[in-house]
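K.L.:
Just target.txt, nothing more (compact mmCIF, N, CA, C and O atoms):
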# COMPACT_ATOMS: atom_id res chain seq x y z
N MET A 603 12.14 9.74 17.54
CA MET A 603 10.80 9.27 17.30
C MET A 603 9.88 10.48 17.06
O MET A 603 10.09 11.54 17.61
N ALA A 604 8.85 10.28 16.28
CA ALA A 604 7.92 11.35 15.94
C ALA A 604 7.08 11.78 17.14
O ALA A 604 6.84 10.99 18.06
N ASP A 605 6.63 13.02 17.13
CA ASP A 605 5.78 13.54 18.20
C ASP A 605 4.34 13.04 18.07
O ASP A 605 3.64 12.90 19.05
N LYS A 606 3.93 12.82 16.84
CA LYS A 606 2.54 12.49 16.59
C LYS A 606 2.47 11.48 15.45
O LYS A 606 3.23 11.56 14.49
N PHE A 607 1.57 10.55 15.56
CA PHE A 607 1.33 9.58 14.50
C PHE A 607 -0.10 9.77 14.03
O PHE A 607 -1.00 10.00 14.83
N ILE A 608 -0.32 9.66 12.73
CA ILE A 608 -1.66 9.73 12.18
C ILE A 608 -1.91 8.39 11.49
O ILE A 608 -1.26 8.06 10.50
N LYS A 609 -2.81 7.62 12.06
CA LYS A 609 -3.15 6.32 11.51
C LYS A 609 -4.25 6.50 10.48
O LYS A 609 -5.23 7.20 10.72
N LEU A 610 -4.09 5.87 9.33
CA LEU A 610 -5.06 5.96 8.25
C LEU A 610 -5.69 4.60 8.01
O LEU A 610 -5.00 3.59 8.05
N LYS A 611 -6.96 4.60 7.76
CA LYS A 611 -7.67 3.37 7.43
C LYS A 611 -8.49 3.67 6.18
O LYS A 611 -9.36 4.54 6.19
N ILE A 612 -8.16 2.95 5.08
CA ILE A 612 -8.89 3.19 3.84
C ILE A 612 -9.53 1.90 3.34
O ILE A 612 -9.03 0.81 3.58
N ASN A 613 -10.62 2.06 2.65
CA ASN A 613 -11.30 0.96 2.00
C ASN A 613 -10.80 0.90 0.56
O ASN A 613 -11.21 1.72 -0.28
N VAL A 614 -9.92 -0.03 0.26
CA VAL A 614 -9.30 -0.09 -1.06
C VAL A 614 -10.31 -0.42 -2.16
O VAL A 614 -10.08 -0.12 -3.33
N ARG A 615 -11.45 -0.98 -1.80
CA ARG A 615 -12.49 -1.28 -2.79
C ARG A 615 -13.11 -0.01 -3.35
O ARG A 615 -13.71 -0.03 -4.42
N GLU A 616 -13.01 1.09 -2.61
CA GLU A 616 -13.59 2.36 -3.05
C GLU A 616 -12.67 3.16 -3.96
O GLU A 616 -13.08 4.17 -4.52
N ILE A 617 -11.41 2.75 -4.11
CA ILE A 617 -10.47 3.47 -4.96
C ILE A 617 -10.95 3.39 -6.41
O ILE A 617 -11.27 2.32 -6.91
N ASN A 618 -11.01 4.54 -7.07
CA ASN A 618 -11.35 4.57 -8.49
C ASN A 618 -10.11 4.12 -9.25
O ASN A 618 -9.14 4.85 -9.38
N LYS A 619 -10.13 2.89 -9.75
CA LYS A 619 -8.97 2.29 -10.41
C LYS A 619 -8.57 3.03 -11.68
O LYS A 619 -7.42 3.04 -12.07
N GLU A 620 -9.55 3.68 -12.33
CA GLU A 620 -9.26 4.45 -13.54
C GLU A 620 -8.39 5.66 -13.25
O GLU A 620 -7.76 6.20 -14.15
N TRP A 621 -8.36 6.11 -12.01
CA TRP A 621 -7.58 7.28 -11.63
C TRP A 621 -6.19 6.93 -11.12
O TRP A 621 -5.41 7.82 -10.78
N LEU A 622 -5.85 5.64 -11.04
CA LEU A 622 -4.50 5.24 -10.66
C LEU A 622 -3.55 5.57 -11.80
O LEU A 622 -3.96 5.61 -12.97
N PHE A 623 -2.30 5.80 -11.48
CA PHE A 623 -1.33 6.10 -12.53
C PHE A 623 -0.02 5.39 -12.25
O PHE A 623 0.32 5.10 -11.11
N VAL A 624 0.68 5.08 -13.33
CA VAL A 624 1.95 4.36 -13.22
C VAL A 624 3.08 5.36 -13.13
O VAL A 624 3.17 6.30 -13.93
N GLY A 625 3.94 5.17 -12.13
CA GLY A 625 5.12 5.99 -11.94
C GLY A 625 6.36 5.14 -12.12
O GLY A 625 6.28 3.97 -12.48
N GLU A 626 7.48 5.70 -11.81
CA GLU A 626 8.76 5.02 -12.00
C GLU A 626 8.89 3.76 -11.14
O GLU A 626 9.47 2.78 -11.57
N LYS A 627 8.32 3.78 -9.93
CA LYS A 627 8.51 2.65 -9.01
C LYS A 627 7.23 1.90 -8.68
O LYS A 627 7.22 1.09 -7.75
N GLY A 628 6.14 2.18 -9.37
CA GLY A 628 4.91 1.46 -9.06
C GLY A 628 3.68 2.18 -9.56
O GLY A 628 3.76 3.12 -10.34
N THR A 629 2.53 1.71 -9.09
CA THR A 629 1.24 2.31 -9.43
C THR A 629 0.77 3.12 -8.23
O THR A 629 0.81 2.64 -7.10
N TYR A 630 0.32 4.33 -8.48
CA TYR A 630 0.01 5.29 -7.40
C TYR A 630 -1.42 5.81 -7.48
O TYR A 630 -2.04 5.82 -8.53
N ALA A 631 -1.89 6.29 -6.33
CA ALA A 631 -3.15 7.00 -6.23
C ALA A 631 -2.85 8.30 -5.49
O ALA A 631 -2.15 8.30 -4.48
N ASN A 632 -3.37 9.40 -6.00
CA ASN A 632 -3.25 10.68 -5.29
C ASN A 632 -4.42 10.77 -4.31
O ASN A 632 -5.58 10.65 -4.70
N LEU A 633 -4.09 10.97 -3.03
CA LEU A 633 -5.08 11.05 -1.98
C LEU A 633 -4.88 12.32 -1.18
O LEU A 633 -3.78 12.86 -1.13
N THR A 634 -5.95 12.78 -0.53
CA THR A 634 -5.87 13.95 0.33
C THR A 634 -6.45 13.61 1.69
O THR A 634 -7.51 12.99 1.78
N LEU A 635 -5.73 14.00 2.74
CA LEU A 635 -6.22 13.87 4.10
C LEU A 635 -6.82 15.21 4.49
O LEU A 635 -6.14 16.23 4.48
N MET A 636 -8.10 15.21 4.82
CA MET A 636 -8.78 16.42 5.29
C MET A 636 -8.73 16.34 6.81
O MET A 636 -9.51 15.63 7.43
N TYR A 637 -7.77 17.05 7.41
CA TYR A 637 -7.42 16.92 8.82
C TYR A 637 -8.12 17.96 9.68
O TYR A 637 -8.24 19.12 9.32
N ASN A 638 -8.58 17.54 10.86
CA ASN A 638 -9.16 18.41 11.87
C ASN A 638 -8.47 18.13 13.20
O ASN A 638 -8.25 16.97 13.55
N GLU A 639 -8.13 19.17 13.95
CA GLU A 639 -7.53 19.00 15.27
C GLU A 639 -8.49 18.29 16.22
O GLU A 639 -8.09 17.46 17.01
N GLU A 640 -9.76 18.65 16.15
CA GLU A 640 -10.75 18.07 17.06
C GLU A 640 -11.27 16.76 16.51
O GLU A 640 -11.51 16.62 15.32
N GLU A 641 -11.49 15.80 17.40
CA GLU A 641 -12.04 14.51 17.01
C GLU A 641 -13.53 14.64 16.72
O GLU A 641 -14.23 15.43 17.36
N ASP A 642 -14.01 13.84 15.77
CA ASP A 642 -15.45 13.79 15.52
C ASP A 642 -16.10 12.82 16.52
O ASP A 642 -15.44 12.31 17.43
N SER A 643 -17.37 12.56 16.36
CA SER A 643 -18.09 11.71 17.32
C SER A 643 -17.61 10.26 17.30
O SER A 643 -17.92 9.49 18.20
N TYR A 644 -16.83 9.87 16.28
CA TYR A 644 -16.28 8.51 16.20
C TYR A 644 -14.82 8.45 16.64
O TYR A 644 -14.18 7.41 16.54
N GLY A 645 -14.27 9.57 17.08
CA GLY A 645 -12.88 9.60 17.53
C GLY A 645 -11.88 9.81 16.41
O GLY A 645 -10.68 9.64 16.60
N ASN A 646 -12.35 10.19 15.22
CA ASN A 646 -11.47 10.42 14.08
C ASN A 646 -11.12 11.89 13.94
O ASN A 646 -11.87 12.76 14.37
N ASN A 647 -9.97 12.14 13.34
CA ASN A 647 -9.50 13.52 13.13
C ASN A 647 -9.56 13.95 11.68
O ASN A 647 -9.06 15.01 11.34
N GLY A 648 -10.12 13.14 10.82
CA GLY A 648 -10.20 13.53 9.43
C GLY A 648 -10.66 12.39 8.55
O GLY A 648 -10.93 11.29 9.02
N MET A 649 -10.73 12.70 7.26
CA MET A 649 -11.10 11.68 6.29
C MET A 649 -10.15 11.73 5.11
O MET A 649 -9.51 12.76 4.86
N ILE A 650 -10.06 10.63 4.39
CA ILE A 650 -9.18 10.52 3.24
C ILE A 650 -10.05 10.41 1.99
O ILE A 650 -11.00 9.62 1.95
N VAL A 651 -9.76 11.24 1.00
CA VAL A 651 -10.47 11.19 -0.27
C VAL A 651 -9.47 11.01 -1.40
O VAL A 651 -8.31 11.42 -1.30
N GLN A 652 -9.93 10.39 -2.47
CA GLN A 652 -9.09 10.24 -3.66
C GLN A 652 -9.22 11.51 -4.48
O GLN A 652 -10.32 12.02 -4.70
N ASP A 653 -8.08 12.03 -4.92
CA ASP A 653 -8.07 13.26 -5.72
C ASP A 653 -8.64 13.00 -7.11
O ASP A 653 -8.39 11.95 -7.71
N VAL A 654 -9.37 13.99 -7.61
CA VAL A 654 -9.87 13.94 -8.99
C VAL A 654 -8.69 14.26 -9.91
O VAL A 654 -7.96 15.22 -9.65
N PRO A 655 -8.48 13.47 -10.97
CA PRO A 655 -7.36 13.75 -11.87
C PRO A 655 -7.45 15.15 -12.48
O PRO A 655 -8.55 15.68 -12.70
N LYS A 656 -6.30 15.73 -12.77
CA LYS A 656 -6.23 17.08 -13.32
C LYS A 656 -7.05 17.20 -14.60
O LYS A 656 -7.74 18.20 -14.81
N LYS A 657 -6.99 16.19 -15.44
CA LYS A 657 -7.74 16.22 -16.72
C LYS A 657 -9.24 16.37 -16.46
O LYS A 657 -9.91 17.18 -17.11
N VAL A 658 -9.77 15.61 -15.53
CA VAL A 658 -11.19 15.68 -15.19
C VAL A 658 -11.52 17.05 -14.60
O VAL A 658 -12.50 17.69 -14.97
N TYR A 659 -10.66 17.52 -13.68
CA TYR A 659 -10.86 18.83 -13.07
C TYR A 659 -10.89 19.93 -14.14
O TYR A 659 -11.78 20.79 -14.13
N GLU A 660 -9.94 19.91 -15.05
CA GLU A 660 -9.86 20.94 -16.11
C GLU A 660 -11.11 20.93 -16.98
O GLU A 660 -11.62 21.99 -17.36
N GLU A 661 -11.61 19.73 -17.31
CA GLU A 661 -12.81 19.63 -18.15
C GLU A 661 -14.06 20.15 -17.45
O GLU A 661 -14.99 20.61 -18.10
N GLU A 662 -14.08 20.08 -16.12
CA GLU A 662 -15.29 20.42 -15.37
C GLU A 662 -15.21 21.73 -14.59
O GLU A 662 -16.19 22.11 -13.95
N LYS A 663 -14.09 22.44 -14.66
CA LYS A 663 -13.95 23.61 -13.79
C LYS A 663 -14.93 24.74 -14.10
O LYS A 663 -15.19 25.57 -13.24
N SER A 664 -15.52 24.74 -15.28
CA SER A 664 -16.52 25.78 -15.60
C SER A 664 -17.91 25.41 -15.09
O SER A 664 -18.81 26.25 -15.09
N LEU A 665 -18.09 24.16 -14.65
CA LEU A 665 -19.38 23.74 -14.11
C LEU A 665 -19.56 24.26 -12.69
O LEU A 665 -18.59 24.52 -11.99
N PRO A 666 -20.81 24.39 -12.25
CA PRO A 666 -21.04 24.75 -10.84
C PRO A 666 -20.44 23.68 -9.94
O PRO A 666 -20.40 22.49 -10.30
N LYS A 667 -19.98 24.07 -8.78
CA LYS A 667 -19.29 23.17 -7.87
C LYS A 667 -20.08 21.88 -7.58
O LYS A 667 -19.51 20.80 -7.54
N GLU A 668 -21.38 22.00 -7.40
CA GLU A 668 -22.19 20.82 -7.06
C GLU A 668 -22.32 19.82 -8.21
O GLU A 668 -22.70 18.69 -8.02
N LYS A 669 -21.96 20.23 -9.43
CA LYS A 669 -22.05 19.33 -10.59
C LYS A 669 -20.70 18.71 -10.97
O LYS A 669 -20.64 17.86 -11.85
N ARG A 670 -19.62 19.14 -10.32
CA ARG A 670 -18.30 18.60 -10.63
C ARG A 670 -18.12 17.21 -10.02
O ARG A 670 -18.71 16.89 -9.00
N THR A 671 -17.26 16.41 -10.64
CA THR A 671 -16.93 15.09 -10.13
C THR A 671 -16.18 15.23 -8.81
O THR A 671 -15.29 16.06 -8.68
N LYS A 672 -16.57 14.41 -7.84
CA LYS A 672 -15.89 14.41 -6.55
C LYS A 672 -15.17 13.08 -6.39
O LYS A 672 -15.63 12.04 -6.85
N GLY A 673 -14.05 13.12 -5.72
CA GLY A 673 -13.31 11.90 -5.42
C GLY A 673 -14.02 11.11 -4.34
O GLY A 673 -14.66 11.69 -3.45
N PRO A 674 -13.91 9.79 -4.38
CA PRO A 674 -14.57 8.98 -3.36
C PRO A 674 -13.92 9.14 -1.99
O PRO A 674 -12.70 9.34 -1.89
N ILE A 675 -14.73 9.06 -0.95
CA ILE A 675 -14.21 9.04 0.42
C ILE A 675 -13.71 7.62 0.66
O ILE A 675 -14.45 6.65 0.50
N LEU A 676 -12.44 7.51 1.00
CA LEU A 676 -11.81 6.19 1.15
C LEU A 676 -11.71 5.72 2.59
O LEU A 676 -11.58 4.53 2.85
N GLY A 677 -11.72 6.64 3.53
CA GLY A 677 -11.57 6.22 4.91
C GLY A 677 -11.37 7.36 5.86
O GLY A 677 -11.69 8.51 5.55
N ASN A 678 -10.80 7.04 7.03
CA ASN A 678 -10.65 7.99 8.12
C ASN A 678 -9.22 8.04 8.63
O ASN A 678 -8.42 7.16 8.35
N ALA A 679 -8.95 9.08 9.40
CA ALA A 679 -7.64 9.26 10.02
C ALA A 679 -7.83 9.52 11.51
O ALA A 679 -8.81 10.13 11.91
N LYS A 680 -6.90 9.02 12.29
CA LYS A 680 -6.95 9.21 13.74
C LYS A 680 -5.55 9.55 14.23
O LYS A 680 -4.59 8.89 13.87
N VAL A 681 -5.46 10.58 15.05
CA VAL A 681 -4.17 10.98 15.61
C VAL A 681 -3.88 10.13 16.84
O VAL A 681 -4.75 9.93 17.69
N TRP A 682 -2.66 9.63 16.90
CA TRP A 682 -2.19 8.86 18.04
C TRP A 682 -0.94 9.54 18.55
O TRP A 682 -0.01 9.79 17.79
N GLY A 683 -0.91 9.83 19.84
CA GLY A 683 0.30 10.38 20.45
C GLY A 683 1.31 9.26 20.64
O GLY A 683 0.99 8.08 20.57
N GLU A 684 2.54 9.63 20.89
CA GLU A 684 3.62 8.66 21.07
C GLU A 684 3.28 7.63 22.15
O GLU A 684 3.50 6.44 22.00
N GLN A 685 2.69 8.09 23.25
CA GLN A 685 2.37 7.20 24.36
C GLN A 685 1.31 6.17 23.93
O GLN A 685 1.44 5.00 24.24
N SER A 686 0.30 6.59 23.18
CA SER A 686 -0.76 5.67 22.75
C SER A 686 -0.19 4.58 21.86
O SER A 686 -0.55 3.42 21.98
N VAL A 687 0.70 4.95 20.95
CA VAL A 687 1.27 3.96 20.03
C VAL A 687 2.11 2.96 20.81
O VAL A 687 2.03 1.76 20.60
N SER A 688 2.91 3.43 21.76
CA SER A 688 3.75 2.54 22.57
C SER A 688 2.87 1.56 23.34
O SER A 688 3.17 0.37 23.41
N GLN A 689 1.79 2.02 23.92
CA GLN A 689 0.90 1.15 24.68
C GLN A 689 0.25 0.13 23.76
O GLN A 689 0.11 -1.03 24.10
N GLU A 690 -0.15 0.56 22.56
CA GLU A 690 -0.79 -0.34 21.61
C GLU A 690 0.18 -1.46 21.22
O GLU A 690 -0.19 -2.62 21.17
N LEU A 691 1.44 -1.12 20.95
CA LEU A 691 2.43 -2.12 20.59
C LEU A 691 2.68 -3.08 21.74
O LEU A 691 2.82 -4.28 21.55
N LYS A 692 2.71 -2.57 22.96
CA LYS A 692 2.95 -3.42 24.12
C LYS A 692 1.84 -4.44 24.26
O LYS A 692 2.09 -5.62 24.51
N VAL A 693 0.59 -4.05 24.08
CA VAL A 693 -0.52 -4.98 24.18
C VAL A 693 -0.39 -6.06 23.11
O VAL A 693 -0.57 -7.24 23.38
N GLY A 694 -0.05 -5.68 21.88
CA GLY A 694 0.13 -6.65 20.80
C GLY A 694 1.25 -7.62 21.09
O GLY A 694 1.15 -8.81 20.82
N GLU A 695 2.35 -7.13 21.68
CA GLU A 695 3.49 -7.98 22.01
C GLU A 695 3.13 -8.98 23.10
O GLU A 695 3.53 -10.13 23.06
N GLU A 696 2.35 -8.52 24.08
CA GLU A 696 1.97 -9.41 25.18
C GLU A 696 1.10 -10.56 24.70
O GLU A 696 1.19 -11.67 25.19
N SER A 697 0.25 -10.29 23.72
CA SER A 697 -0.64 -11.35 23.24
C SER A 697 0.06 -12.22 22.20
O SER A 697 -0.51 -13.19 21.73
N GLY A 698 1.29 -11.86 21.82
CA GLY A 698 2.04 -12.65 20.85
C GLY A 698 1.68 -12.34 19.42
O GLY A 698 2.09 -13.03 18.50
N LYS A 699 0.89 -11.30 19.21
CA LYS A 699 0.48 -10.91 17.86
C LYS A 699 0.95 -9.51 17.58
O LYS A 699 0.93 -8.65 18.45
N LEU A 700 1.33 -9.26 16.35
CA LEU A 700 1.74 -7.92 15.97
C LEU A 700 0.65 -7.19 15.20
O LEU A 700 0.83 -6.08 14.76
N GLY A 701 -0.47 -7.82 14.98
CA GLY A 701 -1.58 -7.16 14.32
C GLY A 701 -1.38 -7.00 12.82
O GLY A 701 -1.97 -6.14 12.21
N VAL A 702 -0.57 -7.83 12.20
CA VAL A 702 -0.34 -7.75 10.77
C VAL A 702 -1.37 -8.60 10.06
O VAL A 702 -1.49 -9.80 10.31
N ALA A 703 -2.14 -7.98 9.20
CA ALA A 703 -3.18 -8.70 8.48
C ALA A 703 -2.62 -9.29 7.19
O ALA A 703 -1.69 -8.76 6.61
N SER A 704 -3.23 -10.35 6.76
CA SER A 704 -2.83 -10.98 5.50
C SER A 704 -3.31 -10.12 4.34
O SER A 704 -4.39 -9.54 4.39
N ASN A 705 -2.55 -10.05 3.27
CA ASN A 705 -2.93 -9.28 2.08
C ASN A 705 -3.49 -10.17 1.01
O ASN A 705 -3.72 -9.72 -0.11
N ASP A 706 -3.74 -11.44 1.31
CA ASP A 706 -4.20 -12.39 0.30
C ASP A 706 -5.60 -12.09 -0.22
O ASP A 706 -5.94 -12.52 -1.30
N ASP A 707 -6.41 -11.37 0.53
CA ASP A 707 -7.79 -11.14 0.11
C ASP A 707 -8.02 -9.75 -0.47
O ASP A 707 -9.15 -9.30 -0.60
N LEU A 708 -6.96 -9.05 -0.84
CA LEU A 708 -7.11 -7.72 -1.44
C LEU A 708 -7.80 -7.84 -2.79
O LEU A 708 -7.55 -8.78 -3.54
N PRO A 709 -8.68 -6.90 -3.11
CA PRO A 709 -9.46 -7.01 -4.35
C PRO A 709 -8.70 -6.61 -5.61
O PRO A 709 -9.29 -6.51 -6.67
N PHE A 710 -7.40 -6.38 -5.54
CA PHE A 710 -6.65 -6.05 -6.74
C PHE A 710 -5.35 -6.76 -6.79
O PHE A 710 -4.90 -7.40 -5.88
Render the structure in this file as structure tokens.

P.N.:
Amino acid sequence: MADKFIKLKINVREINKEWLFVGEKGTYANLTLMYNEEEDSYGNNGMIVQDVPKKVYEEEKSLPKEKRTKGPILGNAKVWGEQSVSQELKVGEESGKLGVASNDDLPF
């Protein structure tokens, strides 16, 4: 079992659909986790942003940094130790729920 788990929560409505790309096994988004060891005031250890496509980056790299296109912030990341994850699963099992959400209301 892993020593550390990093749980990610993203808002899929914020994904720039124009930046998605088709690969051999599906449609993908390039994302970056900006990780910090210390938790912020909300208990998160980082944020997830969508990467700017290489073509856009190349076209704008001569511009000043503040004028370049930035990828949208999609969500946050939280580190969970092995013990925390085990306890979380135990609580879900006791209540008879596994915490699996329906995907029927996804916006894509």

K.L.:
So, counting only N, CA, C and O atoms, which residue among A:Lys619, A:Trp682, A:Lys627, A:Leu635 is closest to Gly648 in chain A?

P.N.:
A:Leu635

K.L.:
Please identify all polymer residues within 7 Å of Asn638 in chain A, counting all atoms listed in the file, omitting same-chain residues fewer than 3 positions from it, and present them as a ChimeraX atom specification.

P.N.:
/A:635,641-642,646-649

K.L.:
Quick check, in Å to one decimal: how far apart do CA of Phe623 in chain A and CA of Leu676 in chain A lie?

P.N.:
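Atom-to-atom, CA of Phe623 in chain A and CA of Leu676 in chain A are spaced 17.2 Å apart.
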
K.L.:
CA of Val651 in chain A and CA of Asn632 in chain A are how many Å apart?

P.N.:
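Those two atoms sit 8.8 Å apart.
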
K.L.:
DSSP on the backbone, helix (DSSP H, G or I) only: what residues of range 638-673 of chain A does that give? Format it as an MDAnalysis selection string.

P.N.:
chainID A and resid 656:662 667:669

K.L.:
What is the CA of Gly645 in chain A-atom N of Val681 in chain A distance in Å, reported with one decimal?

P.N.:
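Computed distance, CA of Gly645 in chain A to atom N of Val681 in chain A, equals 7.9 Å.
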
K.L.:
Just want the 8 Å neighbourhood of Ile612 in chain A, counted on all atoms listed in the file, with same-chain residues fewer than 6 positions away dropped. Output as a list in words.

P.N.:
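Within the cut-off, the hits are Ile650, Ile675, Leu676, Gly677, Asn678 and Ala679 of chain A.
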
K.L.:
Any idea what's packed within 8 Å of Asn618 in chain A, counting all atoms listed in the file, ignoring anything in its chain fewer than 4 positions away? Could you give it as a ChimeraX atom specification?

P.N.:
/A:613-614,622-623,630-631,652-653,673-674

K.L.:
Please identify all polymer residues within 12 Å of Arg670 in chain A, counting only C-alpha atoms, omitting same-chain residues fewer than 2 positions from it, and present them as a list in words.

P.N.:
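Non-adjacent residues within range: Val654, Val658, Tyr659, Glu660, Glu661, Glu662, Lys663, Ser664, Leu665, Pro666, Lys667, Glu668, Lys672 and Gly673 of chain A.
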
K.L.:
DSSP on the backbone: which residues in range 647-680 of chain A end up as strand (DSSP E or B)? Give the answer as a ChimeraX atom specification.

P.N.:
/A:648-652,675-680
